[in-house]
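**Student:** Pasting model-v5.cif below, which is mmCIF, C-alpha atoms and all ligand atoms.
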data_coords
#
loop_
_atom_site.label_atom_id
_atom_site.label_comp_id
_atom_site.auth_asym_id
_atom_site.auth_seq_id
_atom_site.Cartn_x
_atom_site.Cartn_y
_atom_site.Cartn_z
CA MET A 1 -16.72 65.33 -41.83
CA LEU A 2 -13.88 63.85 -43.84
CA THR A 3 -10.82 65.04 -41.98
CA HIS A 4 -10.07 66.25 -38.52
CA PRO A 5 -11.06 69.93 -38.47
CA GLU A 6 -7.80 70.90 -36.83
CA THR A 7 -5.57 68.89 -39.08
CA ILE A 8 -3.47 70.86 -41.49
CA TYR A 9 -0.21 69.76 -43.00
CA ILE A 10 1.49 73.01 -43.94
CA ASP A 11 5.22 73.59 -43.49
CA GLU A 12 6.77 76.96 -44.33
CA GLY A 13 3.83 77.81 -46.57
CA VAL A 14 3.82 74.46 -48.42
CA ASP A 15 0.49 72.61 -48.15
CA PHE A 16 1.23 68.88 -48.33
CA LEU A 17 -2.42 68.11 -49.08
CA ASP A 18 -2.42 70.27 -52.23
CA ALA A 19 -2.45 67.83 -55.17
CA ARG A 20 -0.69 70.41 -57.39
CA LEU A 21 2.43 69.96 -55.29
CA TYR A 22 2.89 66.47 -56.73
CA SER A 23 1.81 66.94 -60.36
CA ALA A 24 5.37 66.70 -61.75
CA CYS A 25 6.01 63.57 -59.65
CA ARG A 26 3.20 61.77 -61.50
CA ALA A 27 4.91 61.94 -64.90
CA PRO A 28 6.20 58.67 -66.41
CA PHE A 29 9.42 57.31 -65.00
CA GLY A 30 12.38 59.22 -66.43
CA LEU A 31 10.41 62.45 -66.63
CA ALA A 32 8.98 62.54 -63.11
CA ILE A 33 10.73 64.50 -60.41
CA MET A 34 11.28 63.33 -56.84
CA LEU A 35 8.82 64.17 -54.13
CA PRO A 36 9.25 67.71 -52.77
CA ARG A 37 12.41 67.97 -50.70
CA ARG A 38 10.38 68.55 -47.55
CA ALA A 39 8.79 65.10 -47.93
CA TYR A 40 12.16 63.79 -46.74
CA THR A 41 12.98 66.40 -44.14
CA SER A 42 9.79 67.83 -42.65
CA GLU A 43 8.27 66.77 -39.36
CA VAL A 44 4.89 67.91 -40.75
CA PHE A 45 5.20 65.46 -43.64
CA GLN A 46 5.99 62.76 -41.10
CA ARG A 47 2.69 63.53 -39.38
CA LEU A 48 0.93 63.30 -42.73
CA GLU A 49 2.47 59.86 -43.26
CA ASN A 50 1.13 58.86 -39.87
CA GLU A 51 -2.38 59.87 -40.90
CA LYS A 52 -2.35 58.58 -44.49
CA VAL A 53 -0.04 55.56 -44.43
CA TRP A 54 0.83 54.15 -41.01
CA THR A 55 -2.73 54.32 -39.65
CA ARG A 56 -4.22 52.95 -42.91
CA ASP A 57 -2.00 50.30 -44.48
CA TRP A 58 -0.99 46.85 -43.39
CA VAL A 59 2.43 47.40 -41.87
CA CYS A 60 5.03 44.66 -41.44
CA VAL A 61 6.08 44.60 -37.78
CA GLY A 62 8.34 41.55 -37.60
CA SER A 63 8.25 37.78 -37.92
CA ALA A 64 6.43 35.04 -36.06
CA PRO A 65 9.55 33.08 -35.02
CA GLU A 66 10.64 36.11 -32.94
CA ILE A 67 7.70 35.44 -30.63
CA GLY A 68 7.70 31.67 -30.72
CA GLU A 69 6.61 30.93 -27.14
CA PRO A 70 3.27 31.63 -25.43
CA HIS A 71 3.02 35.22 -24.05
CA ASP A 72 6.11 36.46 -25.94
CA LEU A 73 5.40 40.07 -26.89
CA LEU A 74 6.69 42.08 -29.84
CA PRO A 75 6.43 45.87 -29.33
CA TYR A 76 6.14 48.02 -32.44
CA THR A 77 5.48 51.72 -32.92
CA ILE A 78 3.40 52.33 -36.04
CA GLY A 79 3.73 56.02 -36.88
CA GLN A 80 2.87 57.66 -33.57
CA HIS A 81 0.98 54.70 -32.16
CA ALA A 82 2.45 52.11 -29.83
CA ILE A 83 1.13 48.60 -30.31
CA HIS A 84 2.30 45.08 -29.63
CA VAL A 85 1.66 41.60 -31.01
CA GLN A 86 1.56 38.79 -28.50
CA ARG A 87 1.68 35.00 -28.90
CA GLN A 88 -1.33 33.42 -27.21
CA GLU A 89 -1.45 30.20 -25.21
CA ASP A 90 -3.03 28.40 -28.19
CA GLY A 91 -0.28 29.59 -30.54
CA SER A 92 -2.32 32.29 -32.27
CA LEU A 93 -1.27 35.96 -32.42
CA ILE A 94 -3.14 38.92 -31.02
CA GLY A 95 -2.52 42.64 -31.62
CA ARG A 96 -3.35 45.44 -29.20
CA PHE A 97 -2.49 49.05 -28.46
CA ASN A 98 -0.11 49.28 -25.51
CA LYS A 99 -1.61 50.22 -22.19
CA ALA A 100 0.97 52.99 -21.75
CA GLN A 101 0.75 55.01 -24.94
CA HIS A 102 2.90 57.62 -23.30
CA GLY A 103 3.54 56.30 -19.93
CA GLY A 104 6.71 57.34 -18.25
CA CYS A 105 8.04 60.71 -19.25
CA ARG A 106 6.16 63.55 -17.61
CA ALA A 107 6.41 65.57 -20.81
CA ILE A 108 7.08 64.27 -24.29
CA PRO A 109 10.80 64.86 -24.84
CA ALA A 110 11.51 67.76 -27.22
CA GLN A 111 13.44 65.53 -29.59
CA CYS A 112 10.34 63.32 -29.95
CA ARG A 113 8.15 66.23 -30.86
CA THR A 114 10.54 67.14 -33.64
CA GLY A 115 10.62 63.63 -35.01
CA LYS A 116 13.70 62.35 -33.19
CA LYS A 117 12.33 59.42 -31.29
CA THR A 118 14.17 58.92 -28.07
CA LYS A 119 15.51 55.87 -26.27
CA CYS A 120 13.12 56.16 -23.36
CA SER A 121 14.00 54.13 -20.33
CA TYR A 122 10.35 53.66 -19.49
CA THR A 123 8.55 51.91 -22.33
CA SER A 124 8.00 51.71 -26.08
CA CYS A 125 5.43 54.45 -26.44
CA GLY A 126 4.49 56.30 -29.62
CA TYR A 127 7.31 58.75 -29.02
CA SER A 128 10.15 56.49 -28.00
CA ARG A 129 12.04 53.76 -29.80
CA ASP A 130 10.85 50.22 -29.51
CA ARG A 131 12.62 47.72 -27.38
CA ASP A 132 13.18 44.20 -28.66
CA VAL A 133 10.87 41.23 -27.99
CA ILE A 134 9.85 40.74 -24.35
CA GLN A 135 9.93 37.08 -23.38
CA GLY A 136 6.65 35.75 -22.00
CA GLY A 137 8.30 34.66 -18.76
CA VAL A 138 9.11 38.30 -17.92
CA LEU A 139 5.46 39.35 -18.07
CA THR A 140 4.49 38.34 -14.56
CA GLU A 141 1.70 40.05 -12.66
CA LEU A 142 3.93 42.52 -10.80
CA ALA A 143 6.46 43.15 -13.56
CA PRO A 144 6.68 46.78 -14.75
CA GLN A 145 6.43 45.60 -18.37
CA MET A 146 3.08 44.03 -17.55
CA GLY A 147 1.71 47.38 -16.44
CA GLN A 148 3.26 49.27 -19.33
CA TYR A 149 2.19 46.99 -22.15
CA LEU A 150 -0.79 44.98 -21.00
CA GLY A 151 -2.27 46.50 -17.86
CA ALA A 152 -4.45 44.57 -15.46
CA VAL A 153 -7.06 43.66 -18.06
CA PRO A 154 -5.46 43.18 -21.50
CA GLU A 155 -8.86 42.24 -22.94
CA ARG A 156 -9.87 45.89 -22.56
CA LEU A 157 -7.02 47.28 -24.66
CA ILE A 158 -7.85 48.59 -28.11
CA PRO A 159 -7.31 45.80 -30.64
CA ALA A 160 -4.95 46.06 -33.60
CA LYS A 161 -5.67 43.80 -36.57
CA VAL A 162 -2.98 41.22 -37.24
CA LYS A 163 -2.31 38.94 -40.22
CA THR A 164 0.57 36.76 -41.25
CA SER A 165 2.05 35.95 -44.61
CA GLY A 166 4.53 33.10 -44.34
CA PRO A 167 6.50 33.94 -41.19
CA LEU A 168 5.94 37.70 -41.50
CA ILE A 169 3.55 39.55 -39.20
CA PHE A 170 1.51 42.52 -40.42
CA ALA A 171 -0.59 44.88 -38.32
CA ASN A 172 -3.30 47.33 -39.29
CA ILE A 173 -4.69 50.09 -37.06
CA ASP A 174 -7.09 51.80 -39.48
CA PRO A 175 -9.86 53.12 -37.22
CA THR A 176 -12.46 53.27 -40.00
CA PRO A 177 -15.35 50.99 -38.99
CA ASP A 178 -16.19 48.12 -41.32
CA VAL A 179 -13.47 49.00 -43.82
CA GLU A 180 -10.62 46.63 -44.38
CA ARG A 181 -7.61 47.82 -46.32
CA GLN A 182 -6.55 45.40 -49.05
CA PHE A 183 -3.70 43.18 -47.94
CA ASP A 184 -1.22 42.48 -50.72
CA GLN A 185 0.65 39.48 -49.47
CA PRO A 186 4.23 39.05 -50.55
CA VAL A 187 4.96 35.73 -52.20
CA TRP A 188 6.69 33.57 -49.63
CA PRO A 189 8.46 30.31 -50.55
CA GLN A 190 7.72 27.31 -48.39
CA ASN A 191 10.18 25.81 -46.02
CA LEU A 192 12.33 28.79 -45.03
CA VAL A 193 13.41 29.18 -41.42
CA ARG A 194 14.54 32.34 -39.63
CA LEU A 195 18.14 31.72 -38.73
CA SER A 196 19.16 35.11 -37.40
CA GLY A 197 18.23 38.76 -37.20
CA HIS A 198 19.45 42.07 -35.89
CA TRP A 199 18.73 45.79 -36.15
CA GLN A 200 20.72 48.51 -37.87
CA GLU A 201 20.03 52.23 -37.88
CA HIS A 202 21.08 54.46 -40.75
CA ARG A 203 20.88 58.15 -41.39
CA SER A 204 18.33 58.43 -44.18
CA ASN A 205 14.62 58.96 -44.53
CA TRP A 206 12.76 55.64 -44.68
CA LYS A 207 11.56 56.28 -48.26
CA LEU A 208 15.13 56.78 -49.46
CA ALA A 209 16.24 53.68 -47.55
CA GLY A 210 13.64 51.49 -49.32
CA ALA A 211 14.60 52.76 -52.77
CA ALA A 212 18.34 52.38 -52.05
CA LEU A 213 17.87 48.78 -50.91
CA VAL A 214 15.92 47.79 -54.01
CA ASP A 215 18.25 49.66 -56.38
CA VAL A 216 21.40 48.15 -54.90
CA ALA A 217 19.84 44.65 -54.98
CA ARG A 218 18.87 45.18 -58.63
CA SER A 219 22.37 46.29 -59.53
CA TYR A 220 23.65 43.02 -57.99
CA GLU A 221 21.03 41.19 -60.01
CA ALA A 222 22.11 42.87 -63.23
CA GLY A 223 25.83 42.54 -62.47
CA GLY A 224 25.83 39.09 -60.90
CA GLY A 225 23.54 37.32 -63.36
CA ALA A 226 23.23 33.61 -62.74
CA VAL A 227 25.92 33.67 -60.06
CA ASN A 228 24.13 35.88 -57.57
CA HIS A 229 20.46 35.26 -58.34
CA VAL A 230 19.44 38.36 -56.42
CA ALA A 231 15.85 39.54 -56.62
CA SER A 232 14.17 42.29 -54.63
CA GLU A 233 10.66 43.43 -53.87
CA TRP A 234 9.34 46.47 -51.96
CA CYS A 235 5.97 45.74 -50.36
CA PHE A 236 4.30 49.06 -49.58
CA PRO A 237 4.88 50.64 -47.21
CA ASN A 238 7.77 49.30 -45.16
CA LEU A 239 8.88 45.80 -46.12
CA VAL A 240 11.76 45.08 -48.50
CA LEU A 241 12.51 41.48 -49.43
CA ILE A 242 15.82 40.52 -50.99
CA ARG A 243 16.18 36.96 -52.17
CA THR A 244 19.23 35.04 -53.27
CA ARG A 245 19.34 31.43 -54.42
CA HIS A 246 19.69 30.11 -50.85
CA ALA A 247 18.47 32.87 -48.53
CA THR A 248 15.87 35.58 -48.10
CA LEU A 249 16.39 38.78 -46.17
CA ALA A 250 13.34 40.62 -44.85
CA ILE A 251 13.98 44.26 -43.95
CA VAL A 252 11.30 46.04 -41.94
CA LEU A 253 11.83 49.79 -42.29
CA GLN A 254 10.80 51.89 -39.32
CA PRO A 255 11.34 55.66 -39.22
CA THR A 256 12.99 56.82 -36.01
CA ALA A 257 13.33 60.42 -37.24
CA MET A 258 12.78 62.26 -40.51
CA ASP A 259 16.40 61.59 -41.45
CA GLN A 260 16.84 58.25 -39.70
CA THR A 261 15.50 54.74 -40.21
CA LEU A 262 15.74 51.55 -38.23
CA TRP A 263 16.31 48.50 -40.44
CA ARG A 264 14.94 45.44 -38.64
CA LEU A 265 16.54 42.48 -40.37
CA SER A 266 15.56 38.82 -40.48
CA PHE A 267 17.61 36.24 -42.40
CA PHE A 268 15.79 33.14 -43.63
CA SER A 269 17.15 30.12 -45.43
CA ARG A 270 16.33 26.49 -46.15
CA PRO A 271 16.80 24.19 -43.15
CA ASP A 272 18.85 21.68 -45.17
CA LEU A 273 21.67 24.15 -45.92
CA SER A 274 25.09 23.48 -44.48
CA TYR A 275 26.67 26.18 -42.28
CA ALA A 276 29.05 27.04 -45.12
CA GLU A 277 26.22 27.49 -47.61
CA HIS A 278 24.24 29.57 -45.14
CA ASP A 279 27.25 31.78 -44.34
CA ALA A 280 27.95 32.27 -48.04
CA ALA A 281 24.34 33.22 -48.70
CA CYS A 282 24.26 35.67 -45.78
CA GLY A 283 27.64 37.07 -46.82
CA VAL A 284 26.17 38.23 -50.14
CA LEU A 285 23.25 39.83 -48.31
CA LEU A 286 25.46 41.56 -45.74
CA ARG A 287 27.68 43.07 -48.46
CA LEU A 288 24.58 44.23 -50.25
CA LEU A 289 23.24 45.79 -47.04
CA GLU A 290 26.47 47.68 -46.50
CA LYS A 291 26.28 49.13 -50.00
CA ALA A 292 22.60 49.99 -49.61
CA ALA A 293 23.25 51.77 -46.29
CA ALA A 294 25.99 53.88 -47.89
CA GLU A 295 23.71 54.65 -50.84
CA ALA A 296 20.78 55.62 -48.60
CA THR A 297 22.97 57.91 -46.49
CA SER A 298 24.41 59.55 -49.58
CA ARG A 299 20.90 60.14 -51.02
CA GLN A 300 19.86 61.74 -47.73
CA GLY A 301 22.87 64.06 -48.00
CA ASP A 302 21.95 64.95 -51.59
CA ILE A 303 18.37 65.76 -50.59
CA GLU A 304 19.52 68.02 -47.79
CA LEU A 305 21.88 69.90 -50.12
CA CYS A 306 19.36 70.22 -52.95
CA LEU A 307 17.48 73.45 -52.35
CA SER A 308 15.33 73.49 -55.50
CA GLY A 309 13.59 70.14 -54.88
CA GLU A 310 13.22 69.71 -58.64
CA THR A 311 15.41 66.66 -58.98
CA THR A 312 14.53 63.96 -61.49
CA GLU A 313 13.52 60.70 -59.78
CA ARG A 314 16.26 58.35 -60.92
CA SER A 315 15.18 55.32 -58.95
CA ARG A 316 12.49 53.24 -60.62
CA ALA A 317 11.66 51.66 -57.24
CA GLY A 318 11.42 55.15 -55.74
CA TRP A 319 9.14 56.30 -58.55
CA GLN A 320 6.83 53.30 -58.14
CA PHE A 321 6.71 53.87 -54.39
CA ASN A 322 5.95 57.58 -54.89
CA GLN A 323 2.90 56.74 -57.04
CA LEU A 324 1.47 54.65 -54.19
CA LEU A 325 2.31 57.28 -51.60
CA MET A 326 0.64 60.06 -53.61
CA GLN A 327 -2.43 57.87 -54.01
CA ARG A 328 -2.56 57.48 -50.21
CA ILE A 329 -2.13 61.23 -49.64
CA ALA A 330 -5.05 61.97 -51.97
CA GLU A 331 -7.37 59.56 -50.14
CA ARG A 332 -10.00 60.96 -47.81
CA HIS A 333 -10.95 59.11 -44.68
CA VAL A 334 -14.05 59.19 -42.56
CA SER A 335 -12.21 58.20 -39.40
CA TYR A 336 -8.93 59.34 -37.95
CA TRP A 337 -7.01 59.33 -34.74
CA ASN A 338 -4.36 61.81 -33.92
CA ALA A 339 -4.02 60.47 -30.43
CA PRO A 340 -4.69 56.92 -29.29
CA LEU A 341 -7.87 56.26 -27.42
CA MET A 342 -7.92 54.14 -24.31
CA HIS A 343 -10.55 51.89 -22.82
CA ALA A 344 -8.30 50.44 -20.16
S1 LIG B 401 7.09 57.25 -22.10
FE1 LIG B 401 7.07 58.17 -24.06
S2 LIG B 401 9.04 58.95 -24.38
FE2 LIG B 401 9.05 58.12 -22.38
#
Could you rewrite the structure in this file as structure tokens?

**Tutor:**
Amino acid sequence: MLTHPETIYIDEGVDFLDARLYSACRAPFGLAIMLPRRAYTSEVFQRLENEKVWTRDWVCVGSAPEIGEPHDLLPYTIGQHAIHVQRQEDGSLIGRFNKAQHGGCRAIPAQCRTGKKTKCSYTSCGYSRDRDVIQGGVLTELAPQMGQYLGAVPERLIPAKVKTSGPLIFANIDPTPDVERQFDQPVWPQNLVRLSGHWQEHRSNWKLAGAALVDVARSYEAGGGAVNHVASEWCFPNLVLIRTRHATLAIVLQPTAMDQTLWRLSFFSRPDLSYAEHDAACGVLLRLLEKAAAEATSRQGDIELCLSGETTERSRAGWQFNQLLMQRIAERHVSYWNAPLMHA
């Protein structure tokens, strides 16, 4: 059996697994069209991404300095699966599925079922939005967070694979036994420290957000020349890196709805920079972010207005991303999980 017998990805008569749907998207850049409009608006397509991307690829979930102390815990929802990465006593990192995959709400809130993840007061489950890092000191035996994330016997939780590249943490939850998805590490310069970070949420599909970020960074690169030294890189599926001469911005893209994406930002720079140099470097990045957010929101608006879905793909970054996404959609897998399994 190659796919779950009950799994179909059809929305209003459109079968997202039908390769013919994407044939015009495979043309060379300049001739190719965008993905079908529903790829940016459909909850069914979001479920397909869960099955073909989020549960298969190495996904960037944050950075190691965010969980610098023993027992610090970083929650992250990959697709519809709630995991965490925790710093161990010996300094290493461990990944696990949360104990409470859907722990507090007696029924999954309607807005979650339609792709609008909710700010649940209970926990970061596969249907709610993640909370920020939980400090190790909070995770005492009787703390509610202990029960929600770790349970009484964390060793019995389902493991999630974890790797690092520089300070960045990647997780992989592919359930296929004995198969390890290739990990394409981003190039990371030595000697950069994480100086700050925050989250922003913008109204655009995550795929449009990634393309907008890279395109806006490249327009700075072309316009700024030697002054700005801006370079950008989109590491499939959800990490965008934007580098200037003195600073690097890592943006982890996390869908919170079909038309909404959380941008989890980390600013890195060299430790020997003065405050003024650091502020100047971050200023460039913040202006760039503002432009990219406006661009992503505008592209989302265009997609929603475009009824034909036959729009030429004008973003080279978007086109390159689409080729990888279509490759993932065409892949067949021997293992799957639509719902998390629990041992604990
Ligand atoms: S526990 Fe899942 S939405 Fe509340």

**Student:** List as a list in words the protein and nucleic acid residues near Ile303 in chain A, meaning an atom at most 12 Å away when only C-alpha atoms are counted, but skip any in the same chain fewer than 5 places from it.

**Tutor:** Met34, Leu35, Pro36, Arg37, Arg38, Ala39, Tyr40, Thr41, Ser42, Ser204, Asn205, Lys207, Leu208, Asp259, Ala296, Thr297, Ser298, Ser308, Gly309, Glu310, Thr311, Thr312 and Glu313 of chain A

**Student:** Using only C-alpha atoms and all ligand atoms, what are the residues with an atom within 9 Å of ligand LIG 401 (chain B), set out as a list in words?

**Tutor:**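 With only C-alpha atoms and all ligand atoms and a cut-off of 9 Å, ligand LIG 401 (chain B) is contacted by Ala100, Gln101, His102, Gly103, Gly104, Cys105, Arg106, Ala107, Ile108, Pro109, Cys112, Lys117, Thr118, Lys119, Cys120, Ser121, Tyr122, Thr123, Ser124, Cys125, Gly126, Tyr127, Ser128 and Arg129 of chain A.
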
**Student:** How many Å lie between CA of Ser165 in chain A and CA of Pro75 in chain A, rounded to one decimal?

**Tutor:**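 So the two atoms, CA of Ser165 in chain A and CA of Pro75 in chain A, lie 18.7 Å apart.
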
**Student:** How big is the axis-aligned box, and where does its centre sit, when it encloses all atoms of range 176-186 of chain A listed in the file and has 6 Å added on every side, reported in Å to one decimal as AutoDock Vina command-line options?

**Tutor:**
--center_x -6.0 --center_y 46.2 --center_z -44.9 --size_x 32.4 --size_y 26.2 --size_z 23.7

**Student:** I need the residue nearest Leu17 in chain A from this list: A:Val162, A:Leu262, A:Arg328, A:Asp90. Use all atoms listed in the file for the distance.

**Tutor:**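 Selected residue with least distance to Leu17 in chain A: A:Arg328.
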
**Student:** Can you work out the spacing between CA of Arg56 in chain A and CA of Arg264 in chain A in Å, to one decimal?

**Tutor:** 21.0 Å

**Student:** A:Pro177, A:Pro159, A:Gly136, A:Gly197: which is nearest Ile94 in chain A, counting all atoms listed in the file?

**Tutor:**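 The closest residue to Ile94 in chain A is A:Pro159.
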
**Student:** Just how far from CA of Arg47 in chain A is CA of Met258 in chain A, in Å to one decimal?

**Tutor:** 10.2 Å

**Student:** Determine, counting all atoms listed in the file, every residue of protein, DNA or RNA that lies within 12 Å of (9.4, 60.7, -66.7) in the file coordinates, then give the result as a list in words.

**Tutor:**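 All residues meeting the 12 Å criterion around (9.4, 60.7, -66.7) are Ser23, Ala24, Cys25, Arg26, Ala27, Pro28, Phe29, Gly30, Leu31, Ala32, Ile33, Met34, Thr311, Thr312, Glu313, Arg314, Ser315, Arg316, Trp319 and Gln320 of chain A.
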
**Student:** Counting only C-alpha atoms, note down every residue that has an atom within 9 Å of the point (-3.5, 42.7, -30.2) (file coordinates), as a ChimeraX atom specification.

**Tutor:** /A:83-86,93-98,154,157-162,171

**Student:** Output C-alpha atoms for every residue in the selection just made, as an mmCIF file, in the coordinates of the input.

**Tutor:**
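Below you can see again_19.cif, which holds the result:
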data_model
loop_
_atom_site.group_PDB
_atom_site.id
_atom_site.type_symbol
_atom_site.label_atom_id
_atom_site.label_comp_id
_atom_site.auth_asym_id
_atom_site.auth_seq_id
_atom_site.Cartn_x
_atom_site.Cartn_y
_atom_site.Cartn_z
ATOM 1 C CA ILE A 83 1.130 48.600 -30.310
ATOM 2 C CA HIS A 84 2.300 45.080 -29.630
ATOM 3 C CA VAL A 85 1.660 41.600 -31.010
ATOM 4 C CA GLN A 86 1.560 38.790 -28.500
ATOM 5 C CA LEU A 93 -1.270 35.960 -32.420
ATOM 6 C CA ILE A 94 -3.140 38.920 -31.020
ATOM 7 C CA GLY A 95 -2.520 42.640 -31.620
ATOM 8 C CA ARG A 96 -3.350 45.440 -29.200
ATOM 9 C CA PHE A 97 -2.490 49.050 -28.460
ATOM 10 C CA ASN A 98 -0.110 49.280 -25.510
ATOM 11 C CA PRO A 154 -5.460 43.180 -21.500
ATOM 12 C CA LEU A 157 -7.020 47.280 -24.660
ATOM 13 C CA ILE A 158 -7.850 48.590 -28.110
ATOM 14 C CA PRO A 159 -7.310 45.800 -30.640
ATOM 15 C CA ALA A 160 -4.950 46.060 -33.600
ATOM 16 C CA LYS A 161 -5.670 43.800 -36.570
ATOM 17 C CA VAL A 162 -2.980 41.220 -37.240
ATOM 18 C CA ALA A 171 -0.590 44.880 -38.320
#

**Student:** If we count all atoms listed in the file and set the cut-off at 10 Å, which residues sit around range 229-234 of chain A, ignoring sequence neighbours fewer than 2 positions away in its own chain? Please answer as number ranges by chain.

**Tutor:** A: 186-187, 210-211, 213-227, 236-251, 284-285, 288, 317-318, 320-321

**Student:** Since we have the selection now, will you write its residues out, keeping C-alpha atoms, as a PDB file, in the frame of the given file?

**Tutor:**
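Everything below was put into selection.pdb:
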ATOM      1  CA  PRO A 186       4.230  39.050 -50.550  1.00  0.00           C
ATOM      2  CA  VAL A 187       4.960  35.730 -52.200  1.00  0.00           C
ATOM      3  CA  GLY A 210      13.640  51.490 -49.320  1.00  0.00           C
ATOM      4  CA  ALA A 211      14.600  52.760 -52.770  1.00  0.00           C
ATOM      5  CA  LEU A 213      17.870  48.780 -50.910  1.00  0.00           C
ATOM      6  CA  VAL A 214      15.920  47.790 -54.010  1.00  0.00           C
ATOM      7  CA  ASP A 215      18.250  49.660 -56.380  1.00  0.00           C
ATOM      8  CA  VAL A 216      21.400  48.150 -54.900  1.00  0.00           C
ATOM      9  CA  ALA A 217      19.840  44.650 -54.980  1.00  0.00           C
ATOM     10  CA  ARG A 218      18.870  45.180 -58.630  1.00  0.00           C
ATOM     11  CA  SER A 219      22.370  46.290 -59.530  1.00  0.00           C
ATOM     12  CA  TYR A 220      23.650  43.020 -57.990  1.00  0.00           C
ATOM     13  CA  GLU A 221      21.030  41.190 -60.010  1.00  0.00           C
ATOM     14  CA  ALA A 222      22.110  42.870 -63.230  1.00  0.00           C
ATOM     15  CA  GLY A 223      25.830  42.540 -62.470  1.00  0.00           C
ATOM     16  CA  GLY A 224      25.830  39.090 -60.900  1.00  0.00           C
ATOM     17  CA  GLY A 225      23.540  37.320 -63.360  1.00  0.00           C
ATOM     18  CA  ALA A 226      23.230  33.610 -62.740  1.00  0.00           C
ATOM     19  CA  VAL A 227      25.920  33.670 -60.060  1.00  0.00           C
ATOM     20  CA  PHE A 236       4.300  49.060 -49.580  1.00  0.00           C
ATOM     21  CA  PRO A 237       4.880  50.640 -47.210  1.00  0.00           C
ATOM     22  CA  ASN A 238       7.770  49.300 -45.160  1.00  0.00           C
ATOM     23  CA  LEU A 239       8.880  45.800 -46.120  1.00  0.00           C
ATOM     24  CA  VAL A 240      11.760  45.080 -48.500  1.00  0.00           C
ATOM     25  CA  LEU A 241      12.510  41.480 -49.430  1.00  0.00           C
ATOM     26  CA  ILE A 242      15.820  40.520 -50.990  1.00  0.00           C
ATOM     27  CA  ARG A 243      16.180  36.960 -52.170  1.00  0.00           C
ATOM     28  CA  THR A 244      19.230  35.040 -53.270  1.00  0.00           C
ATOM     29  CA  ARG A 245      19.340  31.430 -54.420  1.00  0.00           C
ATOM     30  CA  HIS A 246      19.690  30.110 -50.850  1.00  0.00           C
ATOM     31  CA  ALA A 247      18.470  32.870 -48.530  1.00  0.00           C
ATOM     32  CA  THR A 248      15.870  35.580 -48.100  1.00  0.00           C
ATOM     33  CA  LEU A 249      16.390  38.780 -46.170  1.00  0.00           C
ATOM     34  CA  ALA A 250      13.340  40.620 -44.850  1.00  0.00           C
ATOM     35  CA  ILE A 251      13.980  44.260 -43.950  1.00  0.00           C
ATOM     36  CA  VAL A 284      26.170  38.230 -50.140  1.00  0.00           C
ATOM     37  CA  LEU A 285      23.250  39.830 -48.310  1.00  0.00           C
ATOM     38  CA  LEU A 288      24.580  44.230 -50.250  1.00  0.00           C
ATOM     39  CA  ALA A 317      11.660  51.660 -57.240  1.00  0.00           C
ATOM     40  CA  GLY A 318      11.420  55.150 -55.740  1.00  0.00           C
ATOM     41  CA  GLN A 320       6.830  53.300 -58.140  1.00  0.00           C
ATOM     42  CA  PHE A 321       6.710  53.870 -54.390  1.00  0.00           C
TER      43      PHE A 321
END

**Student:** Calculated over all atoms listed in the file, which of the candidates A:Ile329, A:Leu253, A:Ala82, A:Leu265 has the smallest distance to Ile173 in chain A?

**Tutor:** A:Ala82

**Student:** Got a sec: who's within 12 Å of Ala152 in chain A, counting only C-alpha atoms, leaving out chain neighbours fewer than 3 positions off, as a PyMOL selection string?

**Tutor:** chain A and resi 98-100+139-149+155-157+344
